[in-house]
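Structure file model.txt (compact mmCIF, C-alpha atoms) is printed below.
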```txt
# COMPACT_ATOMS: atom_id res chain seq x y z
CA MET K 1 32.57 -43.21 8.75
CA ASN K 2 34.32 -43.76 12.01
CA ILE K 3 36.23 -41.59 14.49
CA LYS K 4 39.44 -43.46 13.77
CA ASP K 5 39.28 -42.44 10.11
CA TYR K 6 40.05 -38.86 11.15
CA PHE K 7 43.26 -39.75 12.93
CA PRO K 8 46.04 -41.27 10.84
CA ILE K 9 47.83 -41.84 14.16
CA TRP K 10 44.87 -43.79 15.65
CA GLN K 11 46.71 -47.12 15.86
CA LYS K 12 49.47 -45.48 17.88
CA LEU K 13 47.06 -44.39 20.62
CA THR K 14 46.51 -46.79 23.51
CA SER K 15 43.23 -48.71 23.47
CA ASP K 16 42.22 -46.77 26.56
CA GLN K 17 42.76 -43.49 24.72
CA GLN K 18 40.91 -44.79 21.68
CA ASN K 19 37.97 -45.82 23.83
CA LYS K 20 37.82 -42.52 25.67
CA ILE K 21 37.67 -40.58 22.40
CA SER K 22 35.19 -42.94 20.74
CA GLU K 23 32.86 -43.05 23.72
CA ALA K 24 32.89 -39.30 24.27
CA ALA K 25 32.24 -38.37 20.64
CA ILE K 26 28.73 -37.10 19.95
CA SER K 27 27.06 -37.29 16.54
CA ARG K 28 25.24 -34.17 15.45
CA THR K 29 23.42 -33.16 12.29
CA VAL K 30 22.66 -29.52 11.54
CA PRO K 31 20.81 -27.83 8.69
CA LYS K 32 22.52 -25.37 6.36
CA GLY K 33 22.92 -21.97 7.98
CA THR K 34 23.35 -23.23 11.56
CA VAL K 35 26.05 -21.43 13.53
CA ILE K 36 27.76 -24.23 15.41
CA HIS K 37 30.45 -22.15 17.09
CA ASN K 38 30.51 -18.49 17.92
CA GLY K 39 33.57 -16.72 19.23
CA SER K 40 36.31 -17.58 21.66
CA ASN K 41 34.10 -17.76 24.74
CA ASP K 42 32.32 -20.69 23.19
CA CYS K 43 34.15 -24.03 23.58
CA THR K 44 32.12 -26.40 21.49
CA GLY K 45 34.69 -29.15 21.13
CA LEU K 46 36.60 -30.63 18.21
CA VAL K 47 34.40 -30.87 15.17
CA LEU K 48 34.97 -33.77 12.74
CA VAL K 49 33.07 -33.32 9.51
CA LYS K 50 31.25 -36.46 8.30
CA SER K 51 29.42 -34.87 5.39
CA GLY K 52 28.39 -31.43 4.26
CA ARG K 53 30.52 -28.32 4.54
CA LEU K 54 31.46 -25.82 7.24
CA ARG K 55 32.76 -22.30 6.87
CA ALA K 56 35.02 -20.64 9.44
CA TYR K 57 34.99 -16.88 9.26
CA ILE K 58 35.72 -13.74 11.21
CA LEU K 59 33.43 -10.76 11.60
CA SER K 60 34.29 -7.09 11.69
CA GLU K 61 32.66 -4.77 14.16
CA GLU K 62 30.54 -3.42 11.31
CA GLY K 63 29.36 -6.93 10.50
CA ARG K 64 31.65 -7.52 7.53
CA GLU K 65 32.86 -11.08 7.11
CA ILE K 66 35.76 -12.94 5.60
CA THR K 67 36.09 -16.68 5.18
CA ILE K 68 39.22 -18.03 6.87
CA TYR K 69 38.86 -21.60 5.70
CA ARG K 70 36.27 -24.19 4.79
CA LEU K 71 35.96 -27.69 6.19
CA PHE K 72 34.96 -30.71 4.19
CA GLU K 73 34.46 -34.42 4.78
CA TYR K 74 37.27 -35.82 7.00
CA ASP K 75 38.40 -32.36 8.13
CA ILE K 76 38.91 -31.57 11.80
CA CYS K 77 38.16 -28.17 13.27
CA LEU K 78 40.27 -27.35 16.32
CA PHE K 79 39.39 -23.72 16.78
CA SER K 80 35.89 -24.70 17.82
CA ALA K 81 37.72 -26.11 20.87
CA SER K 82 39.86 -23.06 21.55
CA CYS K 83 39.75 -23.75 25.30
CA ILE K 84 42.13 -26.69 24.78
CA MET K 85 44.92 -24.14 24.30
CA ASN K 86 45.48 -20.95 26.28
CA SER K 87 47.18 -19.22 23.40
CA ILE K 88 44.23 -19.34 21.02
CA GLN K 89 43.01 -15.80 21.40
CA PHE K 90 40.82 -14.96 18.50
CA ASP K 91 37.16 -15.18 17.72
CA ILE K 92 36.04 -17.39 14.91
CA THR K 93 32.51 -18.22 13.83
CA ILE K 94 31.71 -21.59 12.28
CA GLU K 95 28.61 -22.03 10.22
CA ALA K 96 27.20 -24.91 8.18
CA GLU K 97 27.32 -23.99 4.49
CA LYS K 98 25.34 -27.12 3.67
CA ASP K 99 23.40 -29.58 5.79
CA THR K 100 26.22 -31.11 7.79
CA GLU K 101 26.78 -34.28 9.79
CA MET K 102 29.62 -34.23 12.28
CA PHE K 103 31.19 -35.79 15.33
CA ILE K 104 31.95 -33.53 18.26
CA ILE K 105 34.69 -34.52 20.71
CA PRO K 106 34.32 -32.74 24.07
CA PRO K 107 37.29 -30.41 24.64
CA GLU K 108 38.27 -31.69 28.11
CA ILE K 109 38.51 -35.29 26.89
CA TYR K 110 40.73 -34.31 24.00
CA LYS K 111 42.83 -31.99 26.14
CA ASN K 112 43.45 -34.70 28.74
CA ILE K 113 44.59 -37.23 26.17
CA MET K 114 46.73 -34.66 24.40
CA ALA K 115 48.41 -33.88 27.73
CA GLU K 116 49.58 -37.47 28.11
CA SER K 117 50.05 -38.49 24.48
CA ALA K 118 52.94 -37.06 22.47
CA ILE K 119 51.39 -38.79 19.45
CA LEU K 120 48.11 -36.87 19.71
CA ALA K 121 49.84 -33.61 20.65
CA ASN K 122 52.09 -33.83 17.60
CA TYR K 123 49.16 -34.67 15.35
CA THR K 124 47.31 -31.66 16.76
CA ASN K 125 50.39 -29.57 15.98
CA GLU K 126 50.12 -30.65 12.37
CA ILE K 127 46.44 -29.66 12.21
CA ILE K 128 47.18 -26.19 13.59
CA ALA K 129 50.18 -25.75 11.30
CA SER K 130 48.03 -26.73 8.37
CA ARG K 131 45.40 -24.08 9.22
CA PHE K 132 48.22 -21.62 9.81
CA SER K 133 49.43 -22.26 6.29
CA GLU K 134 45.93 -21.57 4.94
CA VAL K 135 45.75 -18.32 6.86
CA MET K 136 49.17 -17.23 5.59
CA TRP K 137 47.95 -17.96 2.08
CA LEU K 138 44.86 -15.84 2.80
CA ILE K 139 47.00 -12.91 3.97
CA GLU K 140 48.96 -13.09 0.76
CA GLN K 141 45.70 -13.13 -1.23
CA ILE K 142 44.34 -10.12 0.61
CA LEU K 143 47.56 -8.18 0.41
CA TRP K 144 49.01 -8.84 -2.98
CA LYS K 145 46.28 -10.24 -5.18
CA SER K 146 43.87 -7.93 -6.98
CA LEU K 147 40.17 -8.37 -6.31
CA ASP K 148 39.33 -9.41 -9.86
CA LYS K 149 41.66 -12.40 -9.51
CA ARG K 150 40.28 -13.25 -6.07
CA ILE K 151 36.69 -13.17 -7.35
CA ALA K 152 37.60 -15.24 -10.40
CA SER K 153 39.42 -17.81 -8.22
CA PHE K 154 36.47 -17.96 -5.86
CA LEU K 155 33.99 -18.56 -8.71
CA LEU K 156 36.17 -21.28 -10.22
CA GLU K 157 36.55 -22.97 -6.83
CA GLU K 158 32.80 -22.85 -6.26
CA ALA K 159 32.17 -24.34 -9.70
CA THR K 160 34.48 -27.22 -8.79
CA LEU K 161 32.86 -27.72 -5.37
CA GLU K 162 29.32 -27.60 -6.77
CA ASN K 163 30.28 -29.47 -9.92
CA SER K 164 28.38 -26.92 -12.01
CA ASP K 165 29.19 -23.82 -14.05
CA THR K 166 25.94 -22.20 -12.99
CA LEU K 167 26.22 -20.99 -9.43
CA LYS K 168 23.31 -20.06 -7.22
CA ILE K 169 25.03 -17.49 -5.10
CA THR K 170 24.38 -13.86 -4.20
CA HIS K 171 26.87 -11.04 -4.57
CA GLU K 172 26.64 -10.50 -0.83
CA ILE K 173 27.73 -14.05 -0.07
CA ILE K 174 30.73 -13.65 -2.37
CA ALA K 175 31.58 -10.37 -0.61
CA ASN K 176 31.37 -12.11 2.78
CA HIS K 177 33.75 -14.83 1.66
CA LEU K 178 36.29 -12.35 0.40
CA GLY K 179 36.07 -9.67 3.09
CA THR K 180 34.78 -6.95 0.81
CA HIS K 181 31.55 -5.06 0.11
CA ARG K 182 28.63 -6.29 -1.96
CA GLU K 183 28.73 -3.20 -4.19
CA VAL K 184 32.34 -3.92 -5.07
CA VAL K 185 31.50 -7.49 -6.06
CA THR K 186 28.50 -6.35 -8.13
CA ARG K 187 30.64 -3.83 -9.99
CA MET K 188 33.34 -6.40 -10.71
CA LEU K 189 30.81 -9.02 -11.89
CA LYS K 190 29.25 -6.49 -14.27
CA TYR K 191 32.70 -5.85 -15.65
CA PHE K 192 33.24 -9.62 -15.95
CA GLN K 193 29.95 -9.85 -17.86
CA GLU K 194 30.98 -7.09 -20.27
CA GLU K 195 34.19 -9.01 -20.90
CA GLY K 196 32.25 -12.22 -21.52
CA LEU K 197 33.67 -13.99 -18.47
CA VAL K 198 30.31 -14.64 -16.79
CA LYS K 199 26.59 -14.38 -17.53
CA LEU K 200 24.50 -12.85 -14.77
CA SER K 201 20.84 -13.44 -14.12
CA ARG K 202 18.65 -13.16 -11.06
CA GLY K 203 20.29 -15.22 -8.32
CA THR K 204 22.74 -17.04 -10.58
CA ILE K 205 26.15 -16.54 -12.08
CA GLU K 206 27.11 -18.65 -15.07
CA ILE K 207 30.80 -19.13 -15.67
CA THR K 208 31.93 -19.11 -19.31
CA PRO K 209 34.92 -20.98 -20.73
CA LEU K 210 36.66 -17.59 -21.08
CA LEU K 211 36.84 -17.21 -17.28
CA LYS K 212 38.53 -20.58 -17.06
CA SER K 213 41.08 -19.72 -19.70
CA ASP K 214 41.75 -16.15 -18.53
CA PHE K 215 42.34 -16.87 -14.86
CA MET W 1 70.29 -16.19 30.10
CA ASN W 2 69.89 -19.90 29.89
CA ILE W 3 68.06 -22.30 27.56
CA LYS W 4 65.77 -23.38 30.37
CA ASP W 5 64.48 -19.82 30.78
CA TYR W 6 62.69 -20.15 27.44
CA PHE W 7 60.74 -23.21 28.47
CA PRO W 8 58.31 -22.82 31.36
CA ILE W 9 57.90 -26.60 31.14
CA TRP W 10 61.67 -27.24 31.47
CA GLN W 11 61.43 -28.96 34.86
CA LYS W 12 58.92 -31.42 33.43
CA LEU W 13 61.36 -32.65 30.79
CA THR W 14 63.59 -35.58 31.69
CA SER W 15 67.21 -34.74 32.49
CA ASP W 16 68.20 -36.62 29.35
CA GLN W 17 65.92 -34.39 27.27
CA GLN W 18 67.20 -31.28 29.03
CA ASN W 19 70.79 -32.28 28.33
CA LYS W 20 70.15 -33.05 24.70
CA ILE W 21 68.59 -29.62 24.13
CA SER W 22 71.23 -27.75 26.15
CA GLU W 23 74.14 -29.51 24.49
CA ALA W 24 72.81 -29.09 20.97
CA ALA W 25 71.98 -25.39 21.31
CA ILE W 26 74.36 -23.08 19.47
CA SER W 27 74.95 -19.45 20.44
CA ARG W 28 75.00 -16.99 17.59
CA THR W 29 75.31 -13.22 17.35
CA VAL W 30 74.32 -11.38 14.20
CA PRO W 31 74.47 -7.72 13.27
CA LYS W 32 71.34 -5.73 12.45
CA GLY W 33 70.09 -6.47 8.96
CA THR W 34 71.21 -10.11 8.84
CA VAL W 35 68.70 -12.47 7.26
CA ILE W 36 68.83 -15.51 9.51
CA HIS W 37 66.12 -17.53 7.79
CA ASN W 38 64.84 -17.36 4.27
CA GLY W 39 61.81 -19.26 3.06
CA SER W 40 60.45 -22.71 3.68
CA ASN W 41 63.33 -24.60 2.09
CA ASP W 42 65.62 -23.27 4.74
CA CYS W 43 65.47 -25.16 8.04
CA THR W 44 67.60 -23.09 10.35
CA GLY W 45 66.32 -24.49 13.63
CA LEU W 46 64.43 -23.03 16.57
CA VAL W 47 65.60 -19.52 17.30
CA LEU W 48 65.57 -18.32 20.93
CA VAL W 49 66.17 -14.59 21.21
CA LYS W 50 68.66 -13.60 23.93
CA SER W 51 68.83 -9.90 23.09
CA GLY W 52 68.05 -7.66 20.18
CA ARG W 53 65.05 -7.99 17.92
CA LEU W 54 63.97 -10.11 14.98
CA ARG W 55 61.33 -9.43 12.41
CA ALA W 56 59.39 -12.19 10.63
CA TYR W 57 57.86 -11.09 7.36
CA ILE W 58 56.46 -12.35 4.10
CA LEU W 59 57.37 -11.14 0.66
CA SER W 60 55.20 -10.79 -2.40
CA GLU W 61 56.44 -11.81 -5.83
CA GLU W 62 56.93 -8.12 -6.52
CA GLY W 63 59.10 -7.74 -3.44
CA ARG W 64 56.53 -6.10 -1.18
CA GLU W 65 56.83 -6.98 2.50
CA ILE W 66 54.62 -7.21 5.53
CA THR W 67 55.74 -7.87 9.06
CA ILE W 68 53.97 -10.89 10.46
CA TYR W 69 55.40 -10.62 13.93
CA ARG W 70 58.47 -9.45 15.80
CA LEU W 71 60.51 -11.41 18.29
CA PHE W 72 62.05 -9.99 21.41
CA GLU W 73 64.10 -11.23 24.35
CA TYR W 74 62.78 -14.63 25.53
CA ASP W 75 60.75 -15.21 22.37
CA ILE W 76 60.99 -18.47 20.44
CA CYS W 77 60.72 -18.65 16.67
CA LEU W 78 59.41 -21.97 15.39
CA PHE W 79 58.87 -21.14 11.77
CA SER W 80 62.60 -20.93 11.28
CA ALA W 81 62.41 -24.69 11.90
CA SER W 82 59.54 -25.39 9.54
CA CYS W 83 60.95 -28.85 8.75
CA ILE W 84 59.89 -30.04 12.20
CA MET W 85 56.31 -30.09 10.89
CA ASN W 86 55.10 -31.25 7.50
CA SER W 87 52.12 -28.94 7.51
CA ILE W 88 54.07 -25.69 7.71
CA GLN W 89 53.82 -24.68 4.11
CA PHE W 90 54.60 -21.05 3.76
CA ASP W 91 57.67 -18.94 3.27
CA ILE W 92 58.71 -16.59 5.99
CA THR W 93 61.83 -14.47 6.15
CA ILE W 94 63.45 -13.62 9.46
CA GLU W 95 65.77 -10.70 9.74
CA ALA W 96 67.57 -9.06 12.66
CA GLU W 97 66.09 -5.61 13.27
CA LYS W 98 68.82 -4.89 15.80
CA ASP W 99 72.11 -6.58 16.62
CA THR W 100 70.79 -9.85 17.99
CA GLU W 101 72.12 -12.61 20.22
CA MET W 102 70.30 -15.92 20.03
CA PHE W 103 70.40 -19.62 20.69
CA ILE W 104 69.66 -21.96 17.84
CA ILE W 105 68.34 -25.45 18.55
CA PRO W 106 68.90 -27.83 15.63
CA PRO W 107 65.55 -28.93 14.19
CA GLU W 108 66.16 -32.71 14.29
CA ILE W 109 67.05 -32.62 18.01
CA TYR W 110 63.90 -30.68 18.84
CA LYS W 111 61.74 -32.84 16.58
CA ASN W 112 62.99 -36.05 18.19
CA ILE W 113 62.27 -34.85 21.70
CA MET W 114 58.88 -33.48 20.68
CA ALA W 115 58.04 -36.90 19.22
CA GLU W 116 58.53 -38.59 22.60
CA SER W 117 57.51 -35.79 24.97
CA ALA W 118 53.85 -34.79 25.25
CA ILE W 119 55.05 -31.94 27.47
CA LEU W 120 57.24 -30.43 24.77
CA ALA W 121 54.71 -31.13 22.01
CA ASN W 122 51.97 -29.35 23.94
CA TYR W 123 54.23 -26.43 24.71
CA THR W 124 55.07 -26.21 21.02
CA ASN W 125 51.33 -26.20 20.31
CA GLU W 126 50.97 -23.16 22.53
CA ILE W 127 53.76 -21.34 20.70
CA ILE W 128 52.13 -22.00 17.34
CA ALA W 129 48.69 -21.06 18.63
CA SER W 130 50.12 -17.85 20.00
CA ARG W 131 51.63 -16.92 16.61
CA PHE W 132 48.37 -17.94 14.98
CA SER W 133 46.54 -15.47 17.22
CA GLU W 134 48.95 -12.72 16.16
CA VAL W 135 48.37 -13.51 12.52
CA MET W 136 44.59 -13.52 12.93
CA TRP W 137 44.90 -10.15 14.61
CA LEU W 138 46.98 -8.94 11.70
CA ILE W 139 44.29 -10.07 9.22
CA GLU W 140 41.71 -8.10 11.11
CA GLN W 141 43.99 -5.06 11.07
CA ILE W 142 44.54 -5.40 7.37
CA LEU W 143 40.88 -5.87 6.61
CA TRP W 144 38.92 -3.64 8.90
CA LYS W 145 41.53 -1.50 10.63
CA SER W 146 39.11 0.10 12.99
CA LEU W 147 40.02 -0.73 16.54
CA ASP W 148 43.47 0.82 16.35
CA LYS W 149 41.83 4.08 15.33
CA ARG W 150 39.26 3.75 18.08
CA ILE W 151 41.91 3.17 20.73
CA ALA W 152 44.07 6.00 19.37
CA SER W 153 41.11 8.39 19.39
CA PHE W 154 40.22 7.35 22.90
CA LEU W 155 43.77 7.97 24.15
CA LEU W 156 43.93 11.38 22.47
CA GLU W 157 40.58 12.33 23.92
CA GLU W 158 41.68 11.21 27.38
CA ALA W 159 44.89 13.24 27.06
CA THR W 160 42.85 16.33 26.25
CA LEU W 161 40.46 15.69 29.12
CA GLU W 162 43.25 15.08 31.62
CA ASN W 163 45.43 17.79 30.12
CA SER W 164 48.35 15.36 30.23
CA ASP W 165 50.10 13.07 27.83
CA THR W 166 50.69 10.54 30.60
CA LEU W 167 47.50 8.66 31.29
CA LYS W 168 46.89 6.66 34.42
CA ILE W 169 44.47 4.16 33.03
CA THR W 170 44.22 0.39 32.92
CA HIS W 171 43.76 -1.59 29.75
CA GLU W 172 40.57 -3.00 31.20
CA ILE W 173 39.04 0.45 31.58
CA ILE W 174 39.83 1.26 27.98
CA ALA W 175 38.26 -2.06 26.96
CA ASN W 176 35.18 -1.24 28.97
CA HIS W 177 34.92 2.15 27.30
CA LEU W 178 35.09 0.66 23.86
CA GLY W 179 33.07 -2.51 24.37
CA THR W 180 35.97 -4.84 23.69
CA HIS W 181 38.22 -7.24 25.61
CA ARG W 182 41.14 -6.21 27.78
CA GLU W 183 43.43 -8.64 25.93
CA VAL W 184 42.65 -6.91 22.66
CA VAL W 185 43.54 -3.50 24.10
CA THR W 186 46.73 -4.88 25.66
CA ARG W 187 47.79 -6.36 22.34
CA MET W 188 46.99 -3.14 20.49
CA LEU W 189 48.88 -0.99 22.98
CA LYS W 190 51.91 -3.26 22.74
CA TYR W 191 51.76 -2.82 18.99
CA PHE W 192 51.46 0.97 19.47
CA GLN W 193 54.53 0.82 21.68
CA GLU W 194 56.52 -1.06 19.06
CA GLU W 195 55.55 1.58 16.56
CA GLY W 196 56.63 4.35 18.94
CA LEU W 197 53.12 5.76 19.37
CA VAL W 198 52.94 5.27 23.13
CA LYS W 199 55.21 4.33 26.01
CA LEU W 200 53.80 1.80 28.44
CA SER W 201 54.76 1.40 32.05
CA ARG W 202 52.98 -0.08 35.02
CA GLY W 203 49.61 1.64 35.20
CA THR W 204 50.40 4.46 32.79
CA ILE W 205 50.37 5.09 29.07
CA GLU W 206 52.43 7.94 27.74
CA ILE W 207 51.35 9.32 24.40
CA THR W 208 54.13 10.39 22.04
CA PRO W 209 53.89 13.15 19.42
CA LEU W 210 53.83 10.39 16.78
CA LEU W 211 50.40 9.21 17.95
CA LYS W 212 49.07 12.72 17.56
CA SER W 213 50.43 13.10 14.07
CA ASP W 214 49.52 9.60 12.89
CA PHE W 215 45.85 9.59 13.95
```
Could you quickly redo this structure as structure tokens?
Amino acid sequence: MNIKDYFPIWQKLTSDQQNKISEAAISRTVPKGTVIHNGSNDCTGLVLVKSGRLRAYILSEEGREITIYRLFEYDICLFSASCIMNSIQFDITIEAEKDTEMFIIPPEIYKNIMAESAILANYTNEIIASRFSEVMWLIEQILWKSLDKRIASFLLEEATLENSDTLKITHEIIANHLGTHREVVTRMLKYFQEEGLVKLSRGTIEITPLLKSDF
Amino acid sequence: MNIKDYFPIWQKLTSDQQNKISEAAISRTVPKGTVIHNGSNDCTGLVLVKSGRLRAYILSEEGREITIYRLFEYDICLFSASCIMNSIQFDITIEAEKDTEMFIIPPEIYKNIMAESAILANYTNEIIASRFSEVMWLIEQILWKSLDKRIASFLLEEATLENSDTLKITHEIIANHLGTHREVVTRMLKYFQEEGLVKLSRGTIEITPLLKSDF
């Protein structure tokens, strides 16, 4: 996997710009659980995911969490380079959900090329707009969708990602993804179990075909 | 009020680009209550507010609403020109909250200039990032809703201590009291002002009876 694979507009950059990005990019591998970016004061750089999975989330003052988006192979994370734009004024934390390999492009290199290249600036616009769309979707979920549907959707998405109907996941982690409390998740999962939608055992949640058909 | 007043980067555009934008811009005046943009299929163009006030909101399937942001004099609305970017994939409605005068820049004109001008593309990036920050703030409000209460309590306490509803206090001091950032307090107080809870002027914050009754 190569830097150019992340940029559909790569061929439209000058060879000088291509070289600057390629030469500045650093490869990094982190184990699951590593916090690679923490808040707006931290300007890590652009993160390009080679393998693994990252989770971007926000934290409440009381330590509650909600997942804003997840990043997979070929995804680019801009908000880990918030210093490239003055108007990014929010704190996001990015953590490896699995062992993750990535490229990191230093923010000043990217910013300089973006300043001279309409191509790169417009591509960056698309990345931000794409994340914006995800966040708008999240607001709609939080506001209008009931928690049972959000939990069901989350479990089904996890089953797809893990390619298994038996998920090793705690109620607390689910709560942190969805911005709610562990107790609320536990209560809902017990209700799901009574309805035959899941089977719960220590540390695992098994999804039944009924969950797939009901939600 | 002139088109160039909306673009701090105006002087860095070529005179050809300046002319194209100026000549294409249409003036429009709408009465309070007019829906000027409705959903993602509608590509109205960039809206530049001359006077009045616009409200951008999303609608649930059941017709519930939430204000995403409001636009005042000198503000630019990009999401009314969602066709300029492929990755804007959400439906926003924009309505005049007061009688509003505006300029509208046709989307294809803006898109063409953005494609060739790194200056304009980067400025557009900042506008989107700025709206993104507002939306992230909104998510935090929706989810944890704590800082508004903390700031309100602090202001009410100060008013009691000073025996005055007009507080001479900087946003930074409030931030320092509450262990947060000045920018966060500034944003919250502006929101309070929009909601009629306080009146801000240079160096002072006047508390209205609404703040006392609401918190």
Subject >> Shell of 10 Å around K:Ile68, only C-alpha atoms, local chain residues under 2 positions omitted, as a list in words >> reply: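 Those residues are Arg55, Ala56, Tyr57, Ile58, Glu65, Ile66, Arg70, Ile92, Thr93, Ile94, Arg131, Glu134, Val135, Trp137, Leu138, Ile139, His177, Leu178 and Gly179 of chain K; Met136 and Ile139 of chain W.
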**OP:** Do a least-squares overlay of chain W on chain K, C-alpha atoms all paired in order, then report the RMSD in Å.
**Re:** 10.3 Å
Subject >> Distance query K:Ile105 at most 9 Å, only C-alpha atoms, self and fewer than 6 positions along chain excluded, as a PyMOL selection string >> reply: chain K and resi 21-22+24-26+44-48+81
**OP:** Would you give me, as number ranges by chain, the residues of chain W that come within 8 Å of chain K, using all atoms listed in the file?
**Re:** W: 60, 85-90, 114-119, 121-122, 124-130, 132-133, 135-137, 139-140, 143-144
Could you pull the residues within 7 Å of K:Lys50, counting only C-alpha atoms, minus those fewer than 4 positions along the same chain, as a PDB file with C-alpha atoms, in the coordinates of the input?
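The result, written out as around12.pdb:
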```pdb
ATOM      1  CA  MET K   1      32.570 -43.210   8.750  1.00  0.00           C
ATOM      2  CA  GLU K  73      34.460 -34.420   4.780  1.00  0.00           C
ATOM      3  CA  TYR K  74      37.270 -35.820   7.000  1.00  0.00           C
ATOM      4  CA  GLU K 101      26.780 -34.280   9.790  1.00  0.00           C
ATOM      5  CA  MET K 102      29.620 -34.230  12.280  1.00  0.00           C
TER       6      MET K 102
END
```
Subject >> For atom CA of W:Ala175 and atom CA of W:Arg150, the interatomic separation in Å (one decimal) >> reply: 10.7 Å
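In this model, the gap between atom CA of W:Val198 and atom CA of W:Tyr6 comes to 27.6 Å.
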Subject >> Which residue of W:Asp75, W:Glu108, W:Glu95, W:Asp148 approaches W:Tyr191 most closely, using only C-alpha atoms >> reply: W:Asp148
**OP:** Enter the distance from atom CA of K:Ser153 to atom CA of K:Glu183, in Å, rounded to one decimal.
**Re:**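 Result for atom CA of K:Ser153 versus atom CA of K:Glu183: 18.5 Å, one decimal.
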Subject >> Residue neighbourhood K:Thr170, 9 Å, all atoms listed in the file, exclusion window fewer than 5 positions, as a PyMOL selection string >> reply: chain K and resi 175+182+202-205
**OP:** Just give me the residues with any atom within 12 Å of (33.1, -4.9, -12.9), file coordinates, counting only C-alpha atoms, written as a PyMOL selection string.
**Re:** chain K and resi 147-149+151-152+182-198+200
Keeping only C-alpha atoms, write those residues as a PDB file, in the coordinates of the input.
```pdb
ATOM      1  CA  LEU K 147      40.170  -8.370  -6.310  1.00  0.00           C
ATOM      2  CA  ASP K 148      39.330  -9.410  -9.860  1.00  0.00           C
ATOM      3  CA  LYS K 149      41.660 -12.400  -9.510  1.00  0.00           C
ATOM      4  CA  ILE K 151      36.690 -13.170  -7.350  1.00  0.00           C
ATOM      5  CA  ALA K 152      37.600 -15.240 -10.400  1.00  0.00           C
ATOM      6  CA  ARG K 182      28.630  -6.290  -1.960  1.00  0.00           C
ATOM      7  CA  GLU K 183      28.730  -3.200  -4.190  1.00  0.00           C
ATOM      8  CA  VAL K 184      32.340  -3.920  -5.070  1.00  0.00           C
ATOM      9  CA  VAL K 185      31.500  -7.490  -6.060  1.00  0.00           C
ATOM     10  CA  THR K 186      28.500  -6.350  -8.130  1.00  0.00           C
ATOM     11  CA  ARG K 187      30.640  -3.830  -9.990  1.00  0.00           C
ATOM     12  CA  MET K 188      33.340  -6.400 -10.710  1.00  0.00           C
ATOM     13  CA  LEU K 189      30.810  -9.020 -11.890  1.00  0.00           C
ATOM     14  CA  LYS K 190      29.250  -6.490 -14.270  1.00  0.00           C
ATOM     15  CA  TYR K 191      32.700  -5.850 -15.650  1.00  0.00           C
ATOM     16  CA  PHE K 192      33.240  -9.620 -15.950  1.00  0.00           C
ATOM     17  CA  GLN K 193      29.950  -9.850 -17.860  1.00  0.00           C
ATOM     18  CA  GLU K 194      30.980  -7.090 -20.270  1.00  0.00           C
ATOM     19  CA  GLU K 195      34.190  -9.010 -20.900  1.00  0.00           C
ATOM     20  CA  GLY K 196      32.250 -12.220 -21.520  1.00  0.00           C
ATOM     21  CA  LEU K 197      33.670 -13.990 -18.470  1.00  0.00           C
ATOM     22  CA  VAL K 198      30.310 -14.640 -16.790  1.00  0.00           C
ATOM     23  CA  LEU K 200      24.500 -12.850 -14.770  1.00  0.00           C
TER      24      LEU K 200
END
```
Subject >> Of the listed residues K:Leu156, K:His181, K:Asn163, K:Glu172, that which approaches K:Pro209 most closely, counting only C-alpha atoms >> reply: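 Looking only at the distances to K:Pro209, the closest residue turns out to be K:Leu156.
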